file input29.txt (compact mmCIF, C-alpha atoms and all ligand atoms)
# COMPACT_ATOMS: atom_id res chain seq x y z
CA MET A 7 -24.22 22.61 19.08
CA SER A 8 -21.11 23.11 21.14
CA THR A 9 -19.43 26.44 21.48
CA THR A 10 -15.85 25.42 21.30
CA PRO A 11 -12.47 26.12 22.76
CA ILE A 12 -9.65 27.12 20.48
CA TYR A 13 -7.18 24.29 20.08
CA ASP A 14 -3.64 24.65 18.82
CA CYS A 15 -4.35 21.80 16.45
CA ILE A 16 -7.21 19.57 15.38
CA VAL A 17 -6.20 16.29 13.79
CA LEU A 18 -8.86 14.73 11.55
CA GLY A 19 -8.88 10.91 11.61
CA ALA A 20 -7.51 8.62 14.33
CA GLY A 21 -5.70 6.16 12.10
CA ALA A 22 -1.97 5.49 12.15
CA ALA A 23 -0.96 8.94 10.88
CA GLY A 24 -3.51 10.92 12.87
CA MET A 25 -2.82 9.25 16.23
CA PHE A 26 0.92 9.53 15.83
CA CYS A 27 0.74 13.18 14.78
CA ALA A 28 -1.60 14.08 17.65
CA ALA A 29 0.68 12.38 20.19
CA GLN A 30 3.78 14.13 18.89
CA ALA A 31 2.11 17.53 18.74
CA GLY A 32 0.75 17.03 22.27
CA ALA A 33 4.21 16.05 23.48
CA ARG A 34 5.41 19.46 22.29
CA GLY A 35 2.97 21.06 24.71
CA LEU A 36 0.28 21.90 22.16
CA ARG A 37 -3.41 21.57 22.91
CA VAL A 38 -4.58 18.90 20.49
CA LEU A 39 -8.02 17.57 19.56
CA LEU A 40 -8.19 14.27 17.64
CA LEU A 41 -11.48 13.61 15.81
CA GLU A 42 -12.52 10.15 14.60
CA ALA A 43 -15.75 9.07 12.93
CA GLY A 44 -15.51 5.46 14.07
CA GLU A 45 -16.24 3.88 17.42
CA ARG A 46 -12.58 3.27 18.05
CA ALA A 47 -9.19 4.50 16.94
CA GLY A 48 -6.73 2.64 14.73
CA ARG A 49 -9.17 0.22 13.12
CA LYS A 50 -7.02 -0.38 10.05
CA ILE A 51 -3.96 -1.03 12.21
CA LEU A 52 -5.88 -3.81 13.95
CA ILE A 53 -6.43 -5.75 10.72
CA SER A 54 -3.02 -4.94 9.27
CA GLY A 55 -0.37 -7.54 8.60
CA GLY A 56 -2.87 -10.36 9.14
CA GLY A 57 -3.54 -9.04 12.68
CA ARG A 58 0.16 -8.70 13.55
CA CYS A 59 0.78 -5.25 12.00
CA ASN A 60 3.80 -4.98 9.72
CA PHE A 61 4.62 -1.68 11.42
CA THR A 62 7.70 -0.70 9.40
CA ASN A 63 10.31 -1.91 6.96
CA ILE A 64 13.96 -1.57 7.89
CA HIS A 65 14.83 -0.83 4.25
CA ALA A 66 12.22 1.92 3.77
CA GLY A 67 13.49 4.71 1.56
CA PRO A 68 12.10 7.04 -1.11
CA ALA A 69 12.53 4.38 -3.84
CA ASN A 70 9.81 2.30 -2.18
CA TYR A 71 7.09 4.87 -2.79
CA LEU A 72 4.95 5.92 -5.79
CA SER A 73 4.05 9.55 -6.26
CA GLU A 74 3.82 12.05 -9.09
CA ASN A 75 6.86 13.59 -7.40
CA PRO A 76 9.17 10.76 -6.30
CA HIS A 77 11.34 13.25 -4.35
CA PHE A 78 8.53 14.54 -2.14
CA ALA A 79 8.76 11.83 0.56
CA LYS A 80 12.53 12.14 0.98
CA SER A 81 12.57 14.86 3.63
CA ALA A 82 9.99 13.31 5.97
CA LEU A 83 11.39 9.79 5.57
CA ALA A 84 14.90 11.02 6.39
CA ARG A 85 13.78 12.88 9.50
CA TYR A 86 11.77 10.00 10.99
CA THR A 87 13.31 6.65 10.11
CA PRO A 88 12.30 3.03 10.67
CA ARG A 89 14.90 2.98 13.50
CA ASP A 90 13.02 5.80 15.23
CA PHE A 91 9.77 3.84 15.24
CA ILE A 92 11.54 0.62 16.27
CA THR A 93 12.99 2.50 19.26
CA LEU A 94 9.45 3.46 20.27
CA VAL A 95 8.22 -0.14 19.85
CA GLU A 96 11.15 -1.33 22.01
CA LYS A 97 10.39 1.32 24.65
CA TYR A 98 6.93 -0.30 24.97
CA ARG A 99 8.58 -3.75 25.14
CA ILE A 100 6.54 -5.00 22.20
CA PRO A 101 8.22 -8.17 20.90
CA TYR A 102 8.67 -8.18 17.11
CA HIS A 103 10.42 -10.10 14.37
CA GLU A 104 11.54 -9.67 10.78
CA LYS A 105 9.36 -11.90 8.63
CA THR A 106 11.02 -11.37 5.27
CA LEU A 107 12.53 -8.58 3.13
CA GLY A 108 12.96 -6.21 6.10
CA GLN A 109 9.29 -6.42 7.14
CA LEU A 110 8.88 -6.04 10.93
CA PHE A 111 5.78 -7.59 12.54
CA CYS A 112 4.58 -7.79 16.15
CA ASP A 113 5.10 -11.27 17.61
CA GLY A 114 1.78 -10.85 19.38
CA SER A 115 -0.95 -8.66 18.01
CA ALA A 116 -1.56 -5.41 16.13
CA GLN A 117 -3.52 -4.29 19.20
CA GLN A 118 -0.12 -3.64 20.82
CA ILE A 119 0.62 -0.91 18.25
CA VAL A 120 -2.82 0.63 18.76
CA SER A 121 -2.28 0.56 22.55
CA LEU A 122 1.14 2.18 22.08
CA LEU A 123 -0.41 5.02 20.07
CA GLU A 124 -3.31 5.41 22.52
CA THR A 125 -0.89 5.61 25.44
CA GLU A 126 1.27 8.15 23.62
CA CYS A 127 -1.84 10.27 22.97
CA ARG A 128 -2.94 9.99 26.61
CA ASN A 129 0.52 10.88 27.91
CA SER A 130 0.52 13.93 25.65
CA ASN A 131 -2.92 15.05 26.89
CA VAL A 132 -4.51 14.66 23.48
CA GLU A 133 -8.28 15.03 23.67
CA THR A 134 -9.85 12.31 21.51
CA LYS A 135 -13.46 12.40 20.31
CA LEU A 136 -14.74 9.19 18.75
CA ARG A 137 -18.04 8.89 16.78
CA THR A 138 -17.40 12.38 15.44
CA ALA A 139 -17.60 12.51 11.66
CA VAL A 140 -15.90 15.46 10.03
CA GLU A 141 -18.15 17.02 7.41
CA ARG A 142 -16.28 20.10 6.15
CA MET A 143 -14.07 22.92 7.34
CA GLU A 144 -13.29 26.52 6.58
CA GLN A 145 -10.73 29.17 7.34
CA THR A 146 -11.40 31.81 10.04
CA ASP A 147 -9.54 34.95 11.14
CA THR A 148 -7.60 32.94 13.69
CA GLY A 149 -7.27 29.59 11.99
CA PHE A 150 -9.90 27.03 11.00
CA ARG A 151 -13.39 25.86 11.92
CA VAL A 152 -14.20 22.16 11.57
CA HIS A 153 -17.85 21.11 11.17
CA THR A 154 -18.64 17.63 12.47
CA SER A 155 -21.59 15.41 13.35
CA ALA A 156 -20.94 16.46 16.98
CA GLY A 157 -20.65 20.20 16.52
CA GLU A 158 -18.02 22.73 15.48
CA PHE A 159 -14.44 22.99 16.69
CA THR A 160 -11.88 25.69 16.03
CA ALA A 161 -8.11 25.63 16.00
CA ARG A 162 -5.06 27.50 14.77
CA ASN A 163 -3.96 24.48 12.72
CA VAL A 164 -5.63 21.44 11.18
CA VAL A 165 -3.95 18.21 10.14
CA VAL A 166 -5.99 16.06 7.75
CA ALA A 167 -5.26 12.36 8.33
CA THR A 168 -8.48 10.82 7.07
CA GLY A 169 -6.78 8.21 4.86
CA GLY A 170 -7.80 7.01 1.40
CA LEU A 171 -10.79 5.16 -0.06
CA SER A 172 -9.68 1.59 0.59
CA ILE A 173 -11.86 -0.66 2.74
CA PRO A 174 -15.01 1.51 3.01
CA LYS A 175 -16.47 -0.93 5.54
CA LEU A 176 -13.74 0.23 7.97
CA GLY A 177 -14.83 3.85 7.65
CA ALA A 178 -12.84 5.06 4.64
CA THR A 179 -14.33 8.26 3.22
CA GLY A 180 -13.24 10.80 0.65
CA VAL A 181 -13.57 13.66 3.14
CA GLY A 182 -9.85 14.48 3.02
CA TYR A 183 -10.03 14.97 -0.75
CA ASP A 184 -13.21 17.07 -0.38
CA ILE A 185 -11.48 19.31 2.15
CA ALA A 186 -8.44 19.67 -0.10
CA ARG A 187 -10.68 20.57 -3.08
CA SER A 188 -12.61 23.09 -1.00
CA PHE A 189 -9.31 24.94 -0.49
CA GLY A 190 -8.52 24.75 -4.21
CA LEU A 191 -5.88 22.02 -3.91
CA ARG A 192 -5.36 19.55 -6.73
CA ILE A 193 -6.09 15.85 -6.26
CA VAL A 194 -4.28 13.13 -8.19
CA GLU A 195 -7.14 10.78 -9.15
CA PRO A 196 -7.36 8.17 -6.36
CA ARG A 197 -7.07 4.56 -7.50
CA ALA A 198 -7.04 1.17 -5.82
CA ALA A 199 -3.48 -0.08 -5.18
CA LEU A 200 -1.95 -3.17 -3.57
CA VAL A 201 -5.04 -4.91 -4.92
CA PRO A 202 -5.74 -8.28 -6.62
CA PHE A 203 -6.35 -8.39 -10.38
CA THR A 204 -9.52 -9.73 -11.96
CA LEU A 205 -9.60 -11.55 -15.32
CA SER A 206 -12.00 -11.52 -18.26
CA ASP A 207 -14.60 -14.33 -18.37
CA THR A 208 -12.50 -16.24 -20.93
CA GLU A 209 -9.29 -15.95 -18.93
CA ARG A 210 -11.11 -16.79 -15.75
CA GLU A 211 -12.36 -20.01 -17.31
CA LEU A 212 -8.81 -20.87 -18.30
CA TRP A 213 -7.20 -20.26 -14.93
CA CYS A 214 -9.50 -19.80 -11.98
CA ASP A 215 -10.41 -23.44 -11.38
CA LEU A 216 -6.79 -23.60 -10.15
CA SER A 217 -7.55 -21.05 -7.43
CA GLY A 218 -5.28 -21.51 -4.41
CA LEU A 219 -2.20 -22.50 -6.42
CA SER A 220 0.81 -20.23 -6.08
CA ALA A 221 4.35 -19.95 -7.41
CA GLU A 222 7.36 -17.74 -6.99
CA ALA A 223 7.60 -15.32 -9.91
CA ILE A 224 8.82 -11.91 -10.94
CA ALA A 225 5.96 -9.54 -11.73
CA THR A 226 6.78 -6.52 -13.84
CA THR A 227 5.14 -4.00 -16.16
CA ALA A 228 5.95 -2.69 -19.59
CA PRO A 229 8.76 -0.09 -19.29
CA GLN A 230 7.63 2.99 -17.33
CA LYS A 231 7.58 6.44 -18.95
CA LYS A 232 9.54 7.79 -15.98
CA GLY A 233 11.94 5.94 -13.69
CA PRO A 234 12.99 2.32 -13.52
CA THR A 235 10.61 -0.50 -14.43
CA PRO A 236 9.30 -2.02 -11.20
CA LYS A 237 10.04 -5.72 -10.62
CA PHE A 238 8.85 -7.78 -7.67
CA ARG A 239 10.07 -11.29 -6.98
CA GLU A 240 7.58 -12.89 -4.61
CA LYS A 241 4.62 -15.28 -4.73
CA ILE A 242 1.80 -15.01 -7.27
CA LEU A 243 -1.48 -16.72 -6.43
CA ILE A 244 -4.45 -17.79 -8.56
CA THR A 245 -7.76 -16.70 -7.00
CA HIS A 246 -11.33 -17.50 -8.01
CA ARG A 247 -11.48 -14.14 -9.84
CA GLY A 248 -7.93 -13.65 -11.11
CA TRP A 249 -4.46 -13.15 -9.68
CA SER A 250 -3.22 -12.11 -6.25
CA GLY A 251 -0.22 -12.81 -3.99
CA PRO A 252 2.43 -10.31 -2.88
CA ALA A 253 4.13 -9.89 -6.29
CA VAL A 254 0.76 -9.19 -7.92
CA LEU A 255 -0.33 -6.74 -5.21
CA GLN A 256 2.96 -4.88 -5.61
CA ILE A 257 2.73 -4.59 -9.39
CA SER A 258 -0.96 -3.58 -9.20
CA SER A 259 0.09 -0.20 -7.78
CA TYR A 260 1.90 0.56 -11.05
CA TRP A 261 -0.75 -0.91 -13.35
CA ARG A 262 -3.24 1.17 -15.33
CA GLN A 263 -6.45 -0.11 -16.97
CA GLY A 264 -5.74 -1.81 -20.30
CA GLU A 265 -2.04 -2.43 -19.63
CA VAL A 266 -0.29 -5.77 -19.63
CA VAL A 267 1.68 -7.19 -16.72
CA LEU A 268 4.46 -9.69 -17.28
CA PHE A 269 5.19 -12.71 -15.10
CA ASP A 270 8.55 -14.48 -15.11
CA LEU A 271 7.36 -17.91 -13.98
CA ALA A 272 10.83 -19.36 -13.41
CA PRO A 273 13.12 -16.53 -12.31
CA THR A 274 16.80 -17.04 -13.23
CA ALA A 275 16.23 -20.61 -14.45
CA ASN A 276 16.74 -22.06 -17.93
CA VAL A 277 13.77 -24.37 -18.08
CA PHE A 278 13.31 -25.54 -21.67
CA THR A 279 16.73 -24.72 -23.14
CA PRO A 280 18.21 -28.10 -22.04
CA MET A 281 15.96 -29.51 -24.81
CA LEU A 282 18.18 -27.72 -27.33
CA ALA A 283 21.03 -30.14 -26.59
CA ALA A 284 21.69 -32.84 -29.13
CA ASN A 285 20.02 -36.14 -28.18
CA HIS A 286 17.74 -34.50 -25.60
CA ARG A 287 14.15 -35.68 -25.80
CA ARG A 288 11.83 -33.08 -27.29
CA ASP A 289 8.15 -33.58 -26.62
CA ASP A 290 5.28 -32.36 -24.47
CA ALA A 291 6.04 -34.80 -21.66
CA THR A 292 9.66 -33.66 -21.43
CA ALA A 293 8.64 -30.00 -21.44
CA PHE A 294 6.15 -30.73 -18.66
CA ALA A 295 8.75 -32.58 -16.57
CA LEU A 296 11.12 -29.59 -16.90
CA LEU A 297 8.46 -27.01 -16.01
CA ARG A 298 7.13 -29.12 -13.15
CA ALA A 299 10.39 -28.39 -11.27
CA HIS A 300 9.33 -24.72 -11.08
CA LEU A 301 5.53 -24.64 -10.95
CA PRO A 302 2.86 -26.64 -9.15
CA GLN A 303 1.82 -29.62 -11.29
CA ARG A 304 -1.58 -28.34 -12.41
CA MET A 305 -0.25 -24.85 -13.08
CA ALA A 306 2.56 -26.32 -15.19
CA GLU A 307 0.10 -28.50 -17.13
CA ARG A 308 -2.24 -25.61 -17.76
CA TRP A 309 0.49 -23.22 -18.78
CA LEU A 310 1.90 -25.69 -21.29
CA TYR A 311 -1.56 -26.53 -22.59
CA GLU A 312 -2.04 -22.83 -23.33
CA ASN A 313 1.48 -22.03 -24.55
CA ALA A 314 3.16 -25.15 -25.95
CA PRO A 315 4.38 -24.70 -29.54
CA PRO A 316 3.12 -26.85 -32.44
CA ASP A 317 6.59 -28.36 -32.86
CA TRP A 318 9.81 -28.66 -30.86
CA LYS A 319 12.19 -27.01 -33.28
CA ASN A 320 15.04 -24.90 -31.81
CA THR A 321 13.28 -21.59 -32.51
CA SER A 322 10.08 -22.87 -30.88
CA ILE A 323 11.96 -23.97 -27.76
CA THR A 324 13.77 -20.62 -27.53
CA LYS A 325 10.51 -18.72 -27.95
CA LEU A 326 8.81 -20.83 -25.30
CA GLU A 327 11.66 -20.12 -22.88
CA GLU A 328 11.29 -16.38 -23.57
CA ARG A 329 7.54 -16.53 -23.08
CA LEU A 330 7.92 -18.31 -19.73
CA HIS A 331 10.08 -15.42 -18.48
CA ALA A 332 7.82 -12.66 -19.84
CA TRP A 333 4.36 -14.20 -19.86
CA PRO A 334 1.87 -11.43 -20.64
CA VAL A 335 -1.32 -11.26 -18.59
CA THR A 336 -3.90 -8.55 -19.24
CA PRO A 337 -6.05 -8.01 -16.17
CA ALA A 338 -9.68 -7.07 -16.83
CA GLY A 339 -9.49 -4.82 -13.79
CA THR A 340 -8.84 -4.95 -10.06
CA GLU A 341 -10.94 -5.95 -7.07
CA GLY A 342 -11.29 -2.21 -6.36
CA PHE A 343 -11.31 -0.22 -3.14
CA ALA A 344 -13.24 -2.95 -1.30
CA LYS A 345 -10.10 -5.15 -1.41
CA ALA A 346 -7.31 -2.62 -1.95
CA GLU A 347 -4.77 -2.37 0.85
CA VAL A 348 -4.11 1.27 -0.03
CA THR A 349 -5.26 4.13 -2.24
CA ALA A 350 -2.74 5.54 -4.68
CA GLY A 351 -3.10 9.17 -5.74
CA GLY A 352 -4.57 11.76 -3.38
CA VAL A 353 -3.66 15.30 -2.42
CA SER A 354 -1.06 16.39 -4.97
CA THR A 355 2.43 16.80 -3.57
CA THR A 356 2.81 19.92 -5.72
CA GLU A 357 0.37 21.57 -3.30
CA LEU A 358 2.31 20.63 -0.14
CA ASP A 359 5.54 21.69 1.52
CA SER A 360 7.56 18.50 1.94
CA THR A 361 9.10 19.57 5.26
CA THR A 362 5.88 20.68 7.01
CA MET A 363 3.22 18.79 4.99
CA GLN A 364 1.24 22.05 5.00
CA ALA A 365 -0.56 23.34 1.93
CA LYS A 366 1.58 26.03 0.34
CA LYS A 367 -1.56 28.10 -0.35
CA VAL A 368 -3.05 27.51 3.12
CA PRO A 369 -0.45 27.70 5.90
CA GLY A 370 -1.62 25.83 9.00
CA LEU A 371 -3.49 23.17 7.00
CA ALA A 372 -1.47 19.95 6.66
CA PHE A 373 -2.17 16.58 5.00
CA ILE A 374 -0.47 13.38 6.15
CA GLY A 375 -0.58 9.61 5.62
CA GLU A 376 -2.54 7.89 2.90
CA VAL A 377 -4.62 10.94 1.90
CA VAL A 378 -1.46 12.33 0.27
CA ASP A 379 -0.24 11.20 -3.17
CA VAL A 380 2.51 9.05 -1.65
CA THR A 381 1.93 5.29 -1.74
CA GLY A 382 4.27 2.69 -0.34
CA TRP A 383 5.04 -0.80 -1.49
CA LEU A 384 3.62 -3.77 0.38
CA GLY A 385 5.69 -4.63 3.45
CA GLY A 386 5.47 -1.97 6.18
CA TYR A 387 6.25 0.98 3.92
CA ASN A 388 2.81 2.56 4.24
CA PHE A 389 2.93 2.68 8.02
CA GLN A 390 6.44 4.12 7.83
CA TRP A 391 5.04 6.91 5.61
CA ALA A 392 2.22 7.44 8.13
CA TRP A 393 4.75 7.81 11.01
CA ALA A 394 7.19 9.96 9.03
CA SER A 395 4.64 12.35 7.52
CA ALA A 396 2.90 12.64 10.91
CA HIS A 397 6.20 13.49 12.57
CA ALA A 398 7.02 16.12 9.92
CA ALA A 399 3.62 17.80 10.37
CA ALA A 400 3.77 17.69 14.19
CA MET A 401 7.24 19.24 14.34
CA ALA A 402 6.08 22.15 12.15
CA LEU A 403 3.05 23.14 14.26
P1 LIG B 1 -6.22 5.34 8.03
O1 LIG B 1 -7.15 4.86 6.98
O2 LIG B 1 -5.50 4.35 8.85
O3 LIG B 1 -6.98 6.30 9.04
C1 LIG B 1 -7.92 7.26 8.61
C2 LIG B 1 -8.89 7.48 9.75
O4 LIG B 1 -9.76 8.56 9.40
C3 LIG B 1 -9.78 6.27 9.98
O5 LIG B 1 -9.76 5.93 11.34
C4 LIG B 1 -11.17 6.73 9.52
O6 LIG B 1 -12.22 6.15 10.27
C5 LIG B 1 -11.06 8.23 9.79
N1 LIG B 1 -12.00 9.02 9.01
C6 LIG B 1 -12.30 8.88 7.68
N2 LIG B 1 -13.26 9.78 7.35
C7 LIG B 1 -13.54 10.49 8.46
C8 LIG B 1 -14.44 11.56 8.75
N3 LIG B 1 -15.27 12.06 7.82
N4 LIG B 1 -14.47 12.06 10.01
C9 LIG B 1 -13.65 11.57 10.98
N5 LIG B 1 -12.80 10.54 10.78
C10 LIG B 1 -12.74 10.03 9.52
N6 LIG B 1 0.44 -0.97 5.81
C11 LIG B 1 1.64 -1.34 6.34
O7 LIG B 1 2.59 -0.56 6.32
N7 LIG B 1 1.77 -2.58 6.92
C12 LIG B 1 0.74 -3.48 6.99
O8 LIG B 1 0.86 -4.55 7.58
C13 LIG B 1 -0.49 -3.10 6.37
N8 LIG B 1 -1.55 -3.99 6.33
C14 LIG B 1 -2.74 -3.60 5.80
C15 LIG B 1 -3.81 -4.52 5.76
C16 LIG B 1 -5.03 -4.13 5.24
C17 LIG B 1 -6.14 -5.14 5.14
C18 LIG B 1 -5.20 -2.79 4.79
C19 LIG B 1 -6.54 -2.32 4.27
C20 LIG B 1 -4.16 -1.89 4.82
C21 LIG B 1 -2.90 -2.28 5.31
N9 LIG B 1 -1.83 -1.41 5.32
C22 LIG B 1 -0.63 -1.81 5.84
C23 LIG B 1 -1.97 0.00 4.87
C24 LIG B 1 -2.12 0.90 6.10
O9 LIG B 1 -3.15 0.37 6.92
C25 LIG B 1 -2.50 2.32 5.67
O10 LIG B 1 -1.56 2.80 4.73
C26 LIG B 1 -2.48 3.24 6.89
O11 LIG B 1 -3.45 2.78 7.81
C27 LIG B 1 -2.79 4.67 6.49
O12 LIG B 1 -2.87 5.44 7.67
P2 LIG B 1 -3.73 6.77 7.70
O13 LIG B 1 -3.70 7.17 9.12
O14 LIG B 1 -3.26 7.70 6.67
O15 LIG B 1 -5.21 6.33 7.27

call {"tool": "encode", "arguments": {"input": "input29.txt", "output": "structure tokens"}}
result
Amino acid sequence: MSTTPIYDCIVLGAGAAGMFCAAQAGARGLRVLLLEAGERAGRKILISGGGRCNFTNIHAGPANYLSENPHFAKSALARYTPRDFITLVEKYRIPYHEKTLGQLFCDGSAQQIVSLLETECRNSNVETKLRTAVERMEQTDTGFRVHTSAGEFTARNVVVATGGLSIPKLGATGVGYDIARSFGLRIVEPRAALVPFTLSDTERELWCDLSGLSAEAIATTAPQKKGPTPKFREKILITHRGWSGPAVLQISSYWRQGEVVLFDLAPTANVFTPMLAANHRRDDATAFALLRAHLPQRMAERWLYENAPPDWKNTSITKLEERLHAWPVTPAGTEGFAKAEVTAGGVSTTELDSTTMQAKKVPGLAFIGEVVDVTGWLGGYNFQWAWASAHAAAMAL
């Protein structure tokens, strides 16, 4: 076992948040140790954004995040903005583009963002130890002792950046939650978010032979107890197990087991109401022709097969129009952490100081990135939270 030097700060986890925090703390002249269980740093960044890393969103603001306390992220997000990270990307001459809805992607590869972070860490004299799994930690007279698979390390401060539970095959562990609990901090139950829905056997039989078909829709939930009802207008996609696509992933973060989600399958259009006009043909074939303008042929056929009224009276047509714009789907569940892009829930924001990210009960112990109960929408928001929370923690050390 190593007898260890005292560091100013040990950062646990070399993902987006951990690498960025270590680099910024090192740049302030602090002696920083970055510990990572995996064989390389930034593994999730490499697979992000389909390999091109959607590294921020130019519209990122507090409204794009879920948390028990929707105000918690405000301070960090205001002090390190998308523009700040873009400036860094430009300094490294990494070409990028806006794909859609403010989402910025590398033109080349996500490896460029990992290289940027590695270079920043190197330039800041951060000591990085890979293949070093953190097991537990405790407080000492002078700070903290971290127990790992490669020995013990001590430091004045510790920043926990070990991420959430999504994608276990890329090294996700619950160690950050265990550490928080060992210091008596509350955890908001972690749950899979930005994740495809699964359907019951019956529903799967009805829909999943159409897997691969997609349509533009608005996905929403029943009204929320607190705050505005989320609405996402993007693609929905039928999979061999249920529903996916960006609008579905977005709404999944708000969904709880047993709840209904609503799809508007023809946003802003009046699809069937033309049939109300005098002399307009009213029959299944006409309804199909009208719906076909908005949905792929087989999706339109199937939807009408399932939902067409027994007659084409005015009230039936009106009801069908309403149903098309608020079509209820009850997922059986989600594809879980194996497929979830992020983990919602985590270390409760009530336990943390929003300007330093440190535990109020344990000064010197900070939590950043996905391990915290702050979860971004799909579209670069989660990396922006990683950068911003990392910056806040590093500036407070
Ligand atoms: P992250 O999970 O990145 O890092 C945690 C690190 O801690 C890991 O390296 C892990 O190995 C390490 N670790 C865990 N346990 C440990 C232990 N016991 N000891 C030592 N180390 C340990 N977001 C976005 O904004 N734009 C995008 O394009 C995408 N795309 C995307 C695609 C896919 C497929 C996924 C799964 C996720 C995304 N995301 C995303 C989400 C984004 O990747 C995620 O929010 C951030 O990586 C979170 O950064 P963290 O540093 O907090 O955790």

call {"tool": "residues_near_ligand", "arguments": {"input": "input29.txt", "ligand": "ligand LIG 1 (chain B)", "cutoff": "7 Å", "atoms": "all atoms listed in the file", "output": "JSON, numbers by chain"}}
result
{"A": [18, 19, 20, 21, 22, 23, 24, 41, 42, 43, 44, 47, 48, 49, 50, 51, 53, 54, 55, 56, 59, 60, 61, 62, 138, 139, 140, 141, 167, 168, 169, 170, 172, 173, 176, 177, 178, 179, 180, 181, 346, 347, 348, 374, 375, 376, 377, 384, 385, 386, 387, 388, 389, 390, 392]}

call {"tool": "write_last_selection", "arguments": {"input": "input29.txt", "atoms": "C-alpha atoms", "output": "compact mmCIF listing (two decimals), in the coordinates of the input"}}
result
# COMPACT_ATOMS: atom_id res chain seq x y z
CA LEU A 18 -8.86 14.73 11.55
CA GLY A 19 -8.88 10.91 11.61
CA ALA A 20 -7.51 8.62 14.33
CA GLY A 21 -5.70 6.16 12.10
CA ALA A 22 -1.97 5.49 12.15
CA ALA A 23 -0.96 8.94 10.88
CA GLY A 24 -3.51 10.92 12.87
CA LEU A 41 -11.48 13.61 15.81
CA GLU A 42 -12.52 10.15 14.60
CA ALA A 43 -15.75 9.07 12.93
CA GLY A 44 -15.51 5.46 14.07
CA ALA A 47 -9.19 4.50 16.94
CA GLY A 48 -6.73 2.64 14.73
CA ARG A 49 -9.17 0.22 13.12
CA LYS A 50 -7.02 -0.38 10.05
CA ILE A 51 -3.96 -1.03 12.21
CA ILE A 53 -6.43 -5.75 10.72
CA SER A 54 -3.02 -4.94 9.27
CA GLY A 55 -0.37 -7.54 8.60
CA GLY A 56 -2.87 -10.36 9.14
CA CYS A 59 0.78 -5.25 12.00
CA ASN A 60 3.80 -4.98 9.72
CA PHE A 61 4.62 -1.68 11.42
CA THR A 62 7.70 -0.70 9.40
CA THR A 138 -17.40 12.38 15.44
CA ALA A 139 -17.60 12.51 11.66
CA VAL A 140 -15.90 15.46 10.03
CA GLU A 141 -18.15 17.02 7.41
CA ALA A 167 -5.26 12.36 8.33
CA THR A 168 -8.48 10.82 7.07
CA GLY A 169 -6.78 8.21 4.86
CA GLY A 170 -7.80 7.01 1.40
CA SER A 172 -9.68 1.59 0.59
CA ILE A 173 -11.86 -0.66 2.74
CA LEU A 176 -13.74 0.23 7.97
CA GLY A 177 -14.83 3.85 7.65
CA ALA A 178 -12.84 5.06 4.64
CA THR A 179 -14.33 8.26 3.22
CA GLY A 180 -13.24 10.80 0.65
CA VAL A 181 -13.57 13.66 3.14
CA ALA A 346 -7.31 -2.62 -1.95
CA GLU A 347 -4.77 -2.37 0.85
CA VAL A 348 -4.11 1.27 -0.03
CA ILE A 374 -0.47 13.38 6.15
CA GLY A 375 -0.58 9.61 5.62
CA GLU A 376 -2.54 7.89 2.90
CA VAL A 377 -4.62 10.94 1.90
CA LEU A 384 3.62 -3.77 0.38
CA GLY A 385 5.69 -4.63 3.45
CA GLY A 386 5.47 -1.97 6.18
CA TYR A 387 6.25 0.98 3.92
CA ASN A 388 2.81 2.56 4.24
CA PHE A 389 2.93 2.68 8.02
CA GLN A 390 6.44 4.12 7.83
CA ALA A 392 2.22 7.44 8.13

call {"tool": "axis_aligned_box", "arguments": {"input": "input29.txt", "around": "range 29-38 of chain A", "padding_each_side": "3 Å", "output": "lines of an AutoDock Vina configuration file"}}
result
center_x = 0.4
center_y = 17.1
center_z = 21.7
size_x = 16.0
size_y = 15.5
size_z = 12.0

call {"tool": "closest_atom_pairs", "arguments": {"input": "input29.txt", "of": "range 341-387 of chain A", "to": "range 189-196 of chain A", "cutoff": "6 Å", "atoms": "all atoms listed in the file", "output": "tab-separated table"}}
result
residue	atom	partner	partner_atom	distance
A:Ala350	CA	A:Pro196	CA	5.6
A:Gly351	CA	A:Pro196	CA	4.4
A:Gly352	CA	A:Val194	CA	5.0
A:Val353	CA	A:Ile193	CA	4.6
A:Ser354	CA	A:Ile193	CA	5.2

call {"tool": "closest_residue", "arguments": {"input": "input29.txt", "among": "A:Leu72, A:Leu52, A:Ile185, A:Ala28", "to": "Ala365 in chain A", "atoms": "only C-alpha atoms"}}
result
A:Ile185

call {"tool": "closest_residue", "arguments": {"input": "input29.txt", "among": "A:Gln30, A:Ser73, A:Thr227, A:Ser322", "to": "Pro334 in chain A", "atoms": "only C-alpha atoms"}}
result
A:Thr227

call {"tool": "closest_residue", "arguments": {"input": "input29.txt", "among": "A:Leu330, A:Ala228, A:Val38, A:Val254", "to": "Thr274 in chain A", "atoms": "all atoms listed in the file"}}
result
A:Leu330

call {"tool": "closest_residue", "arguments": {"input": "input29.txt", "among": "A:Ala314, A:Leu40, A:Ala293, A:Ala338", "to": "Asp207 in chain A", "atoms": "all atoms listed in the file"}}
result
A:Ala338

call {"tool": "closest_residue", "arguments": {"input": "input29.txt", "among": "A:Ala394, A:Leu39, A:Leu205, A:Val378", "to": "Val164 in chain A", "atoms": "only C-alpha atoms"}}
result
A:Leu39

call {"tool": "atom_distance", "arguments": {"input": "input29.txt", "atom1": "CA of Pro302 in chain A", "atom2": "CA of Leu268 in chain A"}}
result
18.9 Å

call {"tool": "closest_residue", "arguments": {"input": "input29.txt", "among": "A:Ala306, A:Glu45, A:Leu122, A:Ser155", "to": "Lys97 in chain A", "atoms": "all atoms listed in the file"}}
result
A:Leu122
